[in-house]
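Asks: First the structure, which I've put down as structure tokens, then a few questions once you've had a look.
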Amino acid sequence: MIPTNASTPPVVELRNIVKHFHGGVLANDQITIQLQRGEILGLLGENGAGKTTLMNILYGLLQPDAGEIFVRGQRSHFRSTHDAIAHGLGMVHQHFMLVPTFTVAENLVLGQPSPRKPFLENRKTVARRISQLSEQYGLQVDPNAEVWQLSVGQEQRVEILKTLYRGAEILILDEPTAVLTPQEVDELITILRKLAQDGRSLIFISHKLHEVMQICDRVAVLRDGRLVHTTPVQATNPAELSRMMVGRDVVLRVNKGPAKPGAVRLRLQNLQVRDDRQLLALRDVSLAVHAGEIVGIAGVEGNGQRELEEAIVGLRPVEQGQVQLNQQDVTNRPPRVLFNAGLGHVPSDRYKTALLREFSIAENLVLSRIDQPPFTQHGLLNQPAIDQNARTLIQQFDIRAPAIDTAVAKLSGGNAQKVVLARELSHQPQVLLVAQPTRGVDVGAIEYVHQALVRQRDQGMAILLISTELEEILNLSDRIIVLYEGQVMGECLASEADVQTLGLMMAGSKLATIANQQGGATK
Amino acid sequence: MQDLNHLLTAAFVISLLTSGIRLAIPIFLAALGEIITERGGVLNLGLEGIMLVGALAGFMVAYDAEQLFAPSWLWLTPWLGLLAGAIAGMGMGLIMAVLAVSLQTDQVIASITLVIVGQGATTYLFRQQFGSLTARIHPLPAVPIPLLAKLPVLGEVFFQHDLMTYFSIVLLVAAWYFLYQTVGGLNIRAVGEHPAAADTSGINVTAVRYGAILIGAAFAGLGGAVLTVAQLGIFSEGITAGQGWIAIALVIFARWRPGLAFGGALLFGLATALQFRIQALNLQFIPYELLLMLPYLLTLLVLLRGTRRAEAPAALGRPYSKE
Ligand SMILES: Nc1ncnc2c1ncn2[C@@H]1O[C@H](COP(=O)(O)OP(=O)(O)O)[C@@H](O)[C@H]1O
Ligand SMILES: [Mg+2]
């Protein structure tokens with residue numbers, strides 16, 4: 001338990017922090033929180049609640065518009081991260097802040113004073129210090145490995161090591177579990193506990209309730225930039241927290257009946273694909289998606305999901321194997337051909353691949369059919385038809401936007417995603433590839449997207465869902481396939497899946513092996 | 001046809017190699033500087049302009065110093081010129097840094113502005129100062145290295161150059177050492193690969209990028225001054241003749257590595273030397289314009305044999321801002 005001694009000031013106190021962004025977003029509105037020595041404080045909130053912004057302010061990356069920061073009782077003003085680091089703060093960012101072409105050791109010494117200035121510190125001394133720290137906290141990494149070669153879990157260990165190497169007493173971890181398998185999450189929790197026992201103070205950011213309940217001593221809930229409540233975890237429960245987080249009751253469980261699979265619509269045969277570095281990203285991947293079912297691809301980020309997505313839609317060359325749409329070979333055909341053959345695509349990176357940010361909603365909604373009637377007639381755009389299409393879809397898909405000519409860049413993540421979904425569904429594809437459909441999407445919109453997908457399934461669409469959110473996969477899929485390092489680890493019915501087994505598969509065990517070890521207990 | 005046999009004599013090959021090395025130096029220095037700048041994530045296409053400014057500044061300072069100094073101090077004048085070239089280059093670099101880093105202007109546009117400014121300013125200043133006068137200064141003398149210079153063939157090719165040529169090799173080693181073994185070099189590479197990571201590590205991205213641009217521009221200015229002050233002893237309008245552009249191509253060819261840049265520059269130098277010699281033979285059947293193209297064409301052809309984009313600093317050409 002936390003020693004709550006009234007005479008010792010909190011390690012960190014944020015008082016009335018306010019932060020506006022250009023464009024009028026009030027990301028932090030008068031937020032006050034305290035962190036006690038040796039405790040793990042959870043910072044809980046939906047995507048966009050302002051958690052990262054608040055922590056970036058504490059870490060000196062952003063300047064608050066108003067408010068004060070106290071560290072160990074002293075008023076502090078961090079003009080840069082340099083100041084924050086000097087005050088014993090360390091932050092593990094949501095998107096890792098490691099230089100991929102550097103070694104682990106180089107990443108750790110980056111920004112650190114060298115005793116041999118201007119030359120770099122002796123490599124062996126650095127390596128020795130790293131090994132010591134790794135052993136002390138069970139953070140095994142090779143100091144001389146280049147970061148791009150590491151797995152995501154290893155990268156995270158490097159991030160934590162980086163803060164420790166710099167002598168951080170106060171650690172901020174921004175959504176550290178988002179990229180981990182369930183087992184890796186358990187390991188992380190052990191490490192964090194050990195750090196807290198050593199007297200370090202931790203802020204743990206998450207939007208996952210059960211993790212916060214499991215790890216933290218106290219939890220602060222943010223919603224829409226405001227602090228809703230701060231409470232010890234013993235004094236609350238998941239239902240209450242979720243209500244505070246979202247502002248209303250939510251049912252994240254999707255109601256769906258059993259699937260009625262029909263003919264095979266999409267088939268991948270022994271697919272072999274390379275990534276940008278020309279390394280094998282998919283090996284011998286085979287799967288089939290039938291009409292009227294949702295097949296979920298589970299896996300930790302970076303295990304070939306992006307390459308799989310791109311290979312199916314014709315954005316990445318297929319080295320070996322076949323992609324078949326409706327029994328027709330479409331391997332390495334251009335996206336246009338696939339589109340005409342009945343493939344819809346809701347990409348993982350909606351701003352890079354699906355939307356033109358500066359274009360209006362109406363324009364984005366006809367992007368894939370802009371050259372066809374009624375949107376183009378006699379080589380000229382038919383604006384009334386484009387507008388009409390937009391009005392219909394905005395209503396049908398409940399897109400919240402000021403006007404049909406609003407630029408997509410101005411929409412929230414959820415509404416932008418609805419634009420993509422609306423467009424892709426509006427030409428009634430037979431096969432829909434959906435990747436990370438709810439990333440950066442608010443809870444209300446998540447519900448909407450999930451229900452829309454189930455509805456389409458019930459009307460006979462074949463849906464391939466790629467997601468790194470295991471809960472989403474479990475909720476939506478009829479069958480689940482686990483991808484690890486570009487290989488299929490196994491397949492199971494969603495109704496029979498258990499998280500433990502999926503977690504092992506996501507960490508590289510084949511289903512068959514797991515089943516053997518457990519004496520066939522999983523099936 | 002008798003003439004063609006001259007091409008293959010030993011004396012010919014030796015003099016070809018010797019002057020190839022010499023001609024490689026200015027372009028090499030510019031490329032070396034650009035490697036440092038680009039490693040810091042800034043694309044400075046303004047080398048041609050910076051070299052010209054360095055070439056003229058160096059020339060003018062050396063010229064004036066020659067007029068002023070007592071004979072016993074005359075040895076110093078080319079060195080003052082070279083120093084002036086590097087400083088003038090940094091002046092141009094400062095413009096680039098303000099435009100590209102502080103104001104976050106598009107780096108291509110900002111740096112092409114430098115080329116135009118450099119060409120215009122040097123042409124104007126040169127005409128205004130020297131008119132149609134053909135001003136000359138004394139270039140750097142060759143300094144044979146004791147003993148080594150006496151080696152057969154090798155001695156003449158490698159060890160009978162001016163001091164600036166030797167010094168360029170020192171700079172090559174120094175630049176390599178700087179990039180890979182010092183805190184400053186690590187910071188520059190971090191800022192070019194992942195500025196946000198550098199920022200969160202407490203590194204001032206703006207300051208490091210200013211540094212990378214200024215160092216790079218000093219090298220380019222020095223390269224220009226080497227051309228006029230150390231080697232030719234004259235200045236004329238547009239004297240760099242596109243070397244600044246070739247240097248940029250060299251950086252890509254060299255995959256942002258100092259050693260390879262030296263190799264690439266040698267290739268260009270040798271092609272230029274060969275071109276001069278073929279011209280001197282006065283062959284009727286090869287038009288002289290074609291020969292002039294030779295070094296550029298050859299260098300570009302080599303470059304065409306692809307460099308993978310993946311090897312470029314990841315943040316090259318992208319301004320960094322937090323919010
Ligand atoms: N650099 C930025 N510029 C403009 N708006 C931003 C910026 N960063 C975050 N925001 C906005 O501020 C709000 C809070 O974002 P963030 O702190 O990232 O939330 P969280 O980490 O809780 O998901 C969001 O509406 C987001 O769109
Ligand atoms: Mg965040």
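Chain identifiers are assigned as A, B, and so on, following the order in which chains appear in the structure tokens; residues are numbered from 1 within each chain, and ligands are numbered from 1 in order of appearance.
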Select residues of chain A: the criterion is any atom within 8 Å of an atom of chain B, counting only C-alpha atoms; output as a ChimeraX atom specification.
Replies: /A:21,61-62,80-83,85,96-101,106,110-112,114,117-120,277
Asks: What are the DSSP strand (DSSP E) residues of range 329-509 of chain A, as an mmCIF file with C-alpha atoms, in the first residue's frame?
Replies:
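Generated file (states.cif):
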```cif
data_model
loop_
_atom_site.group_PDB
_atom_site.id
_atom_site.type_symbol
_atom_site.label_atom_id
_atom_site.label_comp_id
_atom_site.auth_asym_id
_atom_site.auth_seq_id
_atom_site.Cartn_x
_atom_site.Cartn_y
_atom_site.Cartn_z
ATOM 1 C CA ASP A 329 -7.288 -15.340 -59.891
ATOM 2 C CA LEU A 343 -13.506 -5.992 -53.204
ATOM 3 C CA GLY A 344 -14.070 -3.249 -50.646
ATOM 4 C CA HIS A 345 -11.301 -2.011 -48.385
ATOM 5 C CA VAL A 346 -11.310 -0.145 -45.092
ATOM 6 C CA THR A 376 -19.068 11.989 -64.113
ATOM 7 C CA GLN A 377 -21.016 12.668 -67.241
ATOM 8 C CA LEU A 380 -17.431 16.498 -66.499
ATOM 9 C CA LEU A 381 -18.136 16.163 -62.794
ATOM 10 C CA VAL A 431 -15.785 -9.087 -50.051
ATOM 11 C CA LEU A 432 -14.785 -6.485 -47.503
ATOM 12 C CA LEU A 433 -11.293 -6.214 -46.075
ATOM 13 C CA VAL A 434 -11.369 -4.225 -42.839
ATOM 14 C CA ALA A 435 -8.166 -3.394 -41.024
ATOM 15 C CA ALA A 462 -17.619 -11.980 -46.767
ATOM 16 C CA ILE A 463 -15.577 -9.954 -44.280
ATOM 17 C CA LEU A 464 -11.910 -10.310 -43.438
ATOM 18 C CA LEU A 465 -11.124 -8.363 -40.279
ATOM 19 C CA ILE A 466 -7.533 -7.551 -39.384
ATOM 20 C CA ARG A 479 -13.546 -17.669 -37.042
ATOM 21 C CA ILE A 480 -10.179 -16.467 -35.757
ATOM 22 C CA ILE A 481 -6.806 -16.917 -37.433
ATOM 23 C CA VAL A 482 -3.637 -15.933 -35.591
ATOM 24 C CA LEU A 483 -0.726 -14.434 -37.479
ATOM 25 C CA TYR A 484 2.781 -14.482 -36.057
ATOM 26 C CA GLN A 487 2.781 -17.247 -40.553
ATOM 27 C CA VAL A 488 -0.580 -18.673 -39.635
ATOM 28 C CA MET A 489 -0.272 -20.139 -36.145
ATOM 29 C CA GLY A 490 -3.670 -21.716 -36.180
ATOM 30 C CA GLU A 491 -7.347 -21.197 -36.571
ATOM 31 C CA CYS A 492 -10.321 -21.626 -34.268
ATOM 32 C CA LEU A 493 -13.984 -20.840 -34.002
#
```
Asks: Could the residues that lie within 10 Å of ligand 2, counting only C-alpha atoms and all ligand atoms, be listed as a list in words?
Replies: Gly45, Glu46, Asn47, Gly48, Ala49, Gly50, Lys51, Thr52, Thr53, Leu54, Met55, Asn56, His93, Gln94, His95, Asp174, Glu175, Ile205, Ser206, His207 and Gly440 of chain A
Asks: I need the chosen residues saved as a PDB file, in the first residue's frame, with C-alpha atoms.
Replies:
```pdb
ATOM      1  CA  GLY A  45      -9.734   7.730 -20.703  1.00  0.00           C
ATOM      2  CA  GLU A  46     -11.020   7.139 -24.188  1.00  0.00           C
ATOM      3  CA  ASN A  47      -9.021   7.956 -27.289  1.00  0.00           C
ATOM      4  CA  GLY A  48      -8.786  11.719 -27.514  1.00  0.00           C
ATOM      5  CA  ALA A  49      -9.549  12.320 -23.843  1.00  0.00           C
ATOM      6  CA  GLY A  50      -6.302  14.258 -23.448  1.00  0.00           C
ATOM      7  CA  LYS A  51      -4.121  11.730 -21.622  1.00  0.00           C
ATOM      8  CA  THR A  52      -1.119  11.982 -23.923  1.00  0.00           C
ATOM      9  CA  THR A  53      -1.352  15.758 -24.045  1.00  0.00           C
ATOM     10  CA  LEU A  54      -1.327  16.010 -20.238  1.00  0.00           C
ATOM     11  CA  MET A  55       1.697  13.754 -19.965  1.00  0.00           C
ATOM     12  CA  ASN A  56       3.547  15.528 -22.765  1.00  0.00           C
ATOM     13  CA  HIS A  93       5.696   7.092 -25.423  1.00  0.00           C
ATOM     14  CA  GLN A  94       2.701   5.535 -27.102  1.00  0.00           C
ATOM     15  CA  HIS A  95       4.591   5.562 -30.374  1.00  0.00           C
ATOM     16  CA  ASP A 174       1.639   5.929 -22.390  1.00  0.00           C
ATOM     17  CA  GLU A 175      -0.554   2.977 -23.394  1.00  0.00           C
ATOM     18  CA  ILE A 205      -1.969   5.411 -19.174  1.00  0.00           C
ATOM     19  CA  SER A 206      -4.551   3.121 -20.676  1.00  0.00           C
ATOM     20  CA  HIS A 207      -7.989   2.944 -22.145  1.00  0.00           C
ATOM     21  CA  GLY A 440      -8.487   6.109 -32.846  1.00  0.00           C
TER      22      GLY A 440
END
```
Asks: Could you pull out the helix (DSSP H, G or I) residues of range 9-214 of chain B from DSSP and send them as a ChimeraX atom specification?
Replies: /B:10-39,47-68,71-102,107-130,148-150,154-158,163-181,183-193,195-200,205-214
Asks: Quick one: write out the picked residues with C-alpha atoms as a short mmCIF file (atom, residue, chain, number, x, y, z; two decimals), in the first residue's frame?
Replies:
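Output file part.cif follows:
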```cif
data_model
loop_
_atom_site.label_atom_id
_atom_site.label_comp_id
_atom_site.auth_asym_id
_atom_site.auth_seq_id
_atom_site.Cartn_x
_atom_site.Cartn_y
_atom_site.Cartn_z
CA ALA B 10 52.73 5.66 -68.66
CA ALA B 11 53.30 9.38 -68.41
CA PHE B 12 49.80 9.99 -69.66
CA VAL B 13 48.17 7.68 -67.16
CA ILE B 14 50.17 9.18 -64.31
CA SER B 15 49.23 12.72 -65.17
CA LEU B 16 45.64 11.64 -65.67
CA LEU B 17 45.46 10.14 -62.18
CA THR B 18 47.26 13.06 -60.60
CA SER B 19 44.96 15.68 -61.99
CA GLY B 20 41.95 13.42 -61.44
CA ILE B 21 42.64 13.49 -57.74
CA ARG B 22 43.09 17.24 -57.77
CA LEU B 23 39.88 17.86 -59.69
CA ALA B 24 37.98 15.63 -57.29
CA ILE B 25 38.72 17.74 -54.23
CA PRO B 26 36.22 20.64 -54.52
CA ILE B 27 33.32 18.39 -55.36
CA PHE B 28 34.33 15.96 -52.66
CA LEU B 29 34.37 18.64 -49.98
CA ALA B 30 30.93 19.85 -51.01
CA ALA B 31 29.56 16.29 -50.96
CA LEU B 32 31.13 15.59 -47.58
CA GLY B 33 29.45 18.65 -46.12
CA GLU B 34 26.14 17.70 -47.66
CA ILE B 35 26.39 14.26 -46.09
CA ILE B 36 26.59 15.87 -42.67
CA THR B 37 23.68 18.19 -43.44
CA GLU B 38 21.49 15.42 -44.82
CA ARG B 39 22.37 13.12 -41.97
CA LEU B 47 25.52 23.67 -52.91
CA GLU B 48 26.05 25.20 -56.34
CA GLY B 49 25.25 28.65 -54.96
CA ILE B 50 27.25 28.14 -51.78
CA MET B 51 30.28 26.91 -53.71
CA LEU B 52 30.14 29.95 -55.97
CA VAL B 53 29.94 32.32 -53.02
CA GLY B 54 32.81 30.49 -51.32
CA ALA B 55 34.80 30.60 -54.55
CA LEU B 56 34.39 34.35 -54.98
CA ALA B 57 34.81 35.26 -51.30
CA GLY B 58 37.97 33.18 -51.14
CA PHE B 59 39.29 34.67 -54.32
CA MET B 60 38.61 38.27 -53.26
CA VAL B 61 40.19 37.87 -49.85
CA ALA B 62 43.24 36.14 -51.25
CA TYR B 63 43.52 38.80 -53.99
CA ASP B 64 43.35 41.71 -51.55
CA ALA B 65 45.73 40.02 -49.16
CA GLU B 66 48.23 39.54 -51.97
CA GLN B 67 48.08 43.26 -52.67
CA LEU B 68 48.52 44.21 -49.02
CA PRO B 71 56.37 39.27 -49.42
CA SER B 72 57.39 37.27 -46.36
CA TRP B 73 53.70 36.85 -45.45
CA LEU B 74 52.47 35.96 -48.94
CA TRP B 75 52.35 32.25 -48.14
CA LEU B 76 49.46 33.03 -45.84
CA THR B 77 47.19 34.60 -48.44
CA PRO B 78 45.67 31.43 -49.98
CA TRP B 79 44.90 30.12 -46.51
CA LEU B 80 43.08 33.31 -45.65
CA GLY B 81 41.18 32.88 -48.89
CA LEU B 82 40.21 29.32 -48.03
CA LEU B 83 39.10 30.38 -44.57
CA ALA B 84 37.05 33.18 -46.09
CA GLY B 85 35.42 30.68 -48.45
CA ALA B 86 34.34 28.48 -45.55
CA ILE B 87 33.02 31.45 -43.57
CA ALA B 88 31.12 32.83 -46.57
CA GLY B 89 29.66 29.35 -47.03
CA MET B 90 28.45 29.42 -43.46
CA GLY B 91 26.83 32.76 -44.15
CA MET B 92 24.83 31.12 -46.94
CA GLY B 93 24.14 28.20 -44.61
CA LEU B 94 22.71 30.56 -42.05
CA ILE B 95 20.18 31.80 -44.60
CA MET B 96 19.25 28.19 -45.33
CA ALA B 97 18.96 27.36 -41.64
CA VAL B 98 16.69 30.30 -40.91
CA LEU B 99 14.47 29.50 -43.89
CA ALA B 100 14.36 25.73 -43.49
CA VAL B 101 14.59 25.17 -39.75
CA SER B 102 13.22 28.28 -38.06
CA GLN B 107 13.58 22.80 -48.09
CA VAL B 108 13.73 22.34 -51.84
CA ILE B 109 12.49 25.84 -52.48
CA ALA B 110 14.65 27.40 -49.76
CA SER B 111 17.80 25.79 -51.03
CA ILE B 112 17.16 26.50 -54.68
CA THR B 113 16.83 30.12 -53.62
CA LEU B 114 20.42 29.84 -52.42
CA VAL B 115 21.56 28.76 -55.87
CA ILE B 116 19.89 31.70 -57.53
CA VAL B 117 21.18 34.14 -54.92
CA GLY B 118 24.68 32.68 -55.15
CA GLN B 119 24.81 32.89 -58.94
CA GLY B 120 23.39 36.40 -59.07
CA ALA B 121 25.46 37.83 -56.24
CA THR B 122 28.78 36.41 -57.40
CA THR B 123 28.24 37.54 -60.99
CA TYR B 124 27.34 41.04 -59.86
CA LEU B 125 30.12 41.41 -57.31
CA PHE B 126 32.77 40.00 -59.58
CA ARG B 127 31.89 42.36 -62.42
CA GLN B 128 31.68 45.28 -60.05
CA GLN B 129 35.03 44.56 -58.42
CA PHE B 130 37.09 43.37 -61.32
CA LEU B 148 57.09 9.11 -50.41
CA ALA B 149 57.10 11.58 -53.29
CA LYS B 150 60.10 9.76 -54.72
CA LEU B 154 52.74 6.28 -56.72
CA GLY B 155 54.91 9.18 -55.65
CA GLU B 156 53.77 11.36 -58.47
CA VAL B 157 50.13 10.31 -58.31
CA PHE B 158 49.59 10.59 -54.58
CA LEU B 163 48.53 20.90 -48.91
CA MET B 164 44.78 21.35 -49.34
CA THR B 165 44.53 18.02 -51.10
CA TYR B 166 46.19 16.22 -48.22
CA PHE B 167 44.11 18.19 -45.79
CA SER B 168 40.95 17.00 -47.54
CA ILE B 169 41.86 13.45 -46.64
CA VAL B 170 42.26 14.56 -43.06
CA LEU B 171 38.81 16.14 -43.29
CA LEU B 172 37.39 12.88 -44.63
CA VAL B 173 38.66 10.98 -41.63
CA ALA B 174 37.60 13.74 -39.28
CA ALA B 175 34.08 13.82 -40.72
CA TRP B 176 33.75 10.07 -40.40
CA TYR B 177 35.01 10.20 -36.84
CA PHE B 178 32.72 13.08 -36.03
CA LEU B 179 29.61 11.33 -37.36
CA TYR B 180 30.19 7.99 -35.70
CA GLN B 181 32.30 8.61 -32.61
CA VAL B 183 28.19 13.14 -29.22
CA GLY B 184 27.62 15.81 -31.87
CA GLY B 185 27.61 13.22 -34.64
CA LEU B 186 25.21 10.95 -32.79
CA ASN B 187 22.88 13.89 -32.21
CA ILE B 188 22.98 14.84 -35.89
CA ARG B 189 22.19 11.31 -37.01
CA ALA B 190 19.39 11.00 -34.46
CA VAL B 191 17.82 14.24 -35.59
CA GLY B 192 17.93 13.08 -39.21
CA GLU B 193 16.46 9.66 -38.52
CA PRO B 195 13.68 13.98 -34.66
CA ALA B 196 10.88 13.23 -32.20
CA ALA B 197 13.02 10.59 -30.51
CA ALA B 198 15.89 13.04 -30.27
CA ASP B 199 13.56 15.68 -28.89
CA THR B 200 12.18 13.39 -26.22
CA VAL B 205 16.48 19.57 -32.65
CA THR B 206 16.59 23.13 -33.95
CA ALA B 207 20.10 23.76 -32.66
CA VAL B 208 21.44 20.48 -33.99
CA ARG B 209 19.96 21.09 -37.42
CA TYR B 210 21.42 24.60 -37.49
CA GLY B 211 24.76 23.02 -36.71
CA ALA B 212 24.43 20.38 -39.41
CA ILE B 213 23.55 23.00 -42.02
CA LEU B 214 26.35 25.37 -41.01
#
```
Asks: In Å to one decimal, how far is CA of Gly67 in chain A from CA of Pro10 in chain A?
Replies: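 A separation of 16.7 Å between them.
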Asks: Give me, as a PyMOL selection string, all polymer residues having an atom no more than 7 Å from Ala362 in chain A, counting only C-alpha atoms and skipping those fewer than 6 positions away in the same chain.
Replies: chain A and resi 386-387+390+404-405
Asks: Just to be explicit: take each residue in the selection above, keep all heavy atoms, and write the result as a tab-separated table (two decimals), in the first residue's frame.
Replies:
```tsv
chain	number	residue	atom	x	y	z
A	386	ILE	N	-22.97	14.21	-56.93
A	386	ILE	CA	-21.98	14.00	-55.87
A	386	ILE	C	-22.54	14.46	-54.53
A	386	ILE	O	-22.43	13.77	-53.51
A	386	ILE	CB	-20.68	14.76	-56.20
A	386	ILE	CG1	-20.04	14.16	-57.46
A	386	ILE	CG2	-19.70	14.73	-55.03
A	386	ILE	CD1	-18.85	14.91	-57.99
A	387	ASP	N	-23.17	15.63	-54.55
A	387	ASP	CA	-23.74	16.16	-53.31
A	387	ASP	C	-24.87	15.28	-52.80
A	387	ASP	O	-25.00	15.03	-51.61
A	387	ASP	CB	-24.25	17.59	-53.54
A	387	ASP	CG	-23.10	18.55	-53.77
A	387	ASP	OD1	-21.94	18.14	-53.56
A	387	ASP	OD2	-23.36	19.70	-54.16
A	390	ALA	N	-23.59	12.33	-51.13
A	390	ALA	CA	-23.05	12.64	-49.81
A	390	ALA	C	-24.18	12.79	-48.80
A	390	ALA	O	-24.10	12.25	-47.69
A	390	ALA	CB	-22.23	13.93	-49.88
A	404	ILE	N	-21.59	19.09	-46.01
A	404	ILE	CA	-21.02	18.07	-46.89
A	404	ILE	C	-19.71	18.52	-47.52
A	404	ILE	O	-18.94	17.71	-48.02
A	404	ILE	CB	-22.00	17.65	-48.02
A	404	ILE	CG1	-22.41	18.86	-48.83
A	404	ILE	CG2	-23.19	16.92	-47.45
A	404	ILE	CD1	-23.17	18.47	-50.08
A	405	ASP	N	-19.44	19.84	-47.50
A	405	ASP	CA	-18.17	20.28	-48.08
A	405	ASP	C	-17.09	20.54	-47.03
A	405	ASP	O	-16.07	21.14	-47.31
A	405	ASP	CB	-18.38	21.50	-48.99
A	405	ASP	CG	-19.03	22.65	-48.23
A	405	ASP	OD1	-19.30	22.48	-47.02
A	405	ASP	OD2	-19.26	23.70	-48.85
```
Asks: Which polymer residues have any atom within 10 Å of an atom of range 26-30 of chain A, counting only C-alpha atoms, with same-chain residues fewer than 2 positions away left out, as a ChimeraX atom specification?
Replies: /A:14-24,32,48-54,57,64-67,222-227
Asks: What's the 12 Å shell around Phe375 in chain A, counting only C-alpha atoms, without same-chain residues fewer than 2 positions away, as a ChimeraX atom specification?
Replies: /A:362-363,365-373,377-390
Asks: If I take CA of Tyr351 in chain A and CA of Val419 in chain A, how far is one from the other in Å, to one decimal?
Replies: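 Separation of CA of Tyr351 in chain A and CA of Val419 in chain A: 11.4 Å.
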Asks: Do you know which residues are at most 9 Å from Thr228 in chain B counting only C-alpha atoms, after dropping those on the same chain fewer than 2 positions away, and could you put them as a compact mmCIF listing (two decimals) with N, CA, C and O atoms, in the first residue's frame?
Replies:
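Output file part.txt follows:
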```txt
# COMPACT_ATOMS: atom_id res chain seq x y z
N ALA B 55 33.76 30.42 -53.54
CA ALA B 55 34.80 30.60 -54.55
C ALA B 55 35.15 32.08 -54.71
O ALA B 55 36.33 32.46 -54.74
N LEU B 56 34.13 32.93 -54.78
CA LEU B 56 34.39 34.35 -54.98
C LEU B 56 34.95 34.98 -53.71
O LEU B 56 35.93 35.74 -53.76
N GLY B 58 36.59 33.61 -51.30
CA GLY B 58 37.97 33.18 -51.14
C GLY B 58 38.89 33.92 -52.08
O GLY B 58 39.96 34.42 -51.68
N PHE B 59 38.45 34.02 -53.31
CA PHE B 59 39.29 34.67 -54.32
C PHE B 59 39.54 36.14 -53.96
O PHE B 59 40.66 36.63 -54.02
N ILE B 137 45.57 35.21 -58.95
CA ILE B 137 46.29 35.09 -57.69
C ILE B 137 47.19 33.86 -57.80
O ILE B 137 47.05 33.06 -58.73
N PRO B 139 48.04 30.32 -56.84
CA PRO B 139 47.42 29.15 -56.20
C PRO B 139 48.39 28.52 -55.21
O PRO B 139 49.55 28.91 -55.13
N GLY B 224 34.35 25.47 -52.87
CA GLY B 224 34.39 26.52 -53.90
C GLY B 224 35.70 27.27 -53.85
O GLY B 224 36.33 27.54 -54.89
N ALA B 225 36.15 27.60 -52.64
CA ALA B 225 37.39 28.35 -52.51
C ALA B 225 38.60 27.53 -52.95
O ALA B 225 39.55 28.07 -53.52
N VAL B 226 38.55 26.22 -52.71
CA VAL B 226 39.65 25.36 -53.16
C VAL B 226 39.80 25.48 -54.68
O VAL B 226 40.90 25.59 -55.22
N ALA B 230 42.97 27.63 -54.28
CA ALA B 230 44.04 26.65 -54.16
C ALA B 230 44.48 26.13 -55.53
O ALA B 230 45.63 25.81 -55.74
N GLN B 231 43.52 26.03 -56.46
CA GLN B 231 43.86 25.31 -57.69
C GLN B 231 44.03 26.19 -58.92
O GLN B 231 45.01 26.10 -59.63
N LEU B 232 43.04 27.05 -59.22
CA LEU B 232 43.06 27.75 -60.49
C LEU B 232 43.73 29.12 -60.42
O LEU B 232 44.34 29.57 -61.38
N GLY B 233 43.55 29.80 -59.30
CA GLY B 233 44.10 31.15 -59.19
C GLY B 233 43.31 32.19 -59.95
O GLY B 233 43.76 33.32 -60.13
N ILE B 234 42.16 31.83 -60.45
CA ILE B 234 41.29 32.82 -61.10
C ILE B 234 39.85 32.58 -60.66
O ILE B 234 39.52 31.53 -60.10
N PHE B 235 39.01 33.60 -60.93
CA PHE B 235 37.58 33.40 -60.77
C PHE B 235 36.92 33.79 -62.07
O PHE B 235 37.36 34.69 -62.77
N SER B 236 35.88 33.08 -62.47
CA SER B 236 35.05 33.57 -63.56
C SER B 236 33.60 33.23 -63.24
O SER B 236 33.34 32.38 -62.38
N ILE B 239 31.91 29.60 -62.28
CA ILE B 239 33.12 28.79 -62.41
C ILE B 239 32.91 27.36 -61.89
O ILE B 239 33.59 26.42 -62.30
```
Asks: With a distance cut-off of 6 Å and only C-alpha atoms, select the neighbouring residues of Gly317 in chain B, excluding the residue or stretch itself and same-chain residues fewer than 3 positions from it, and output the selection as a PyMOL selection string.
Replies: chain B and resi 41-43
Asks: Rounded to one decimal, what separation in Å do you get between CA of Ile31 in chain A and CA of Gly167 in chain A?
Replies: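 According to the coordinates, CA of Ile31 in chain A and CA of Gly167 in chain A are separated by 27.2 Å.
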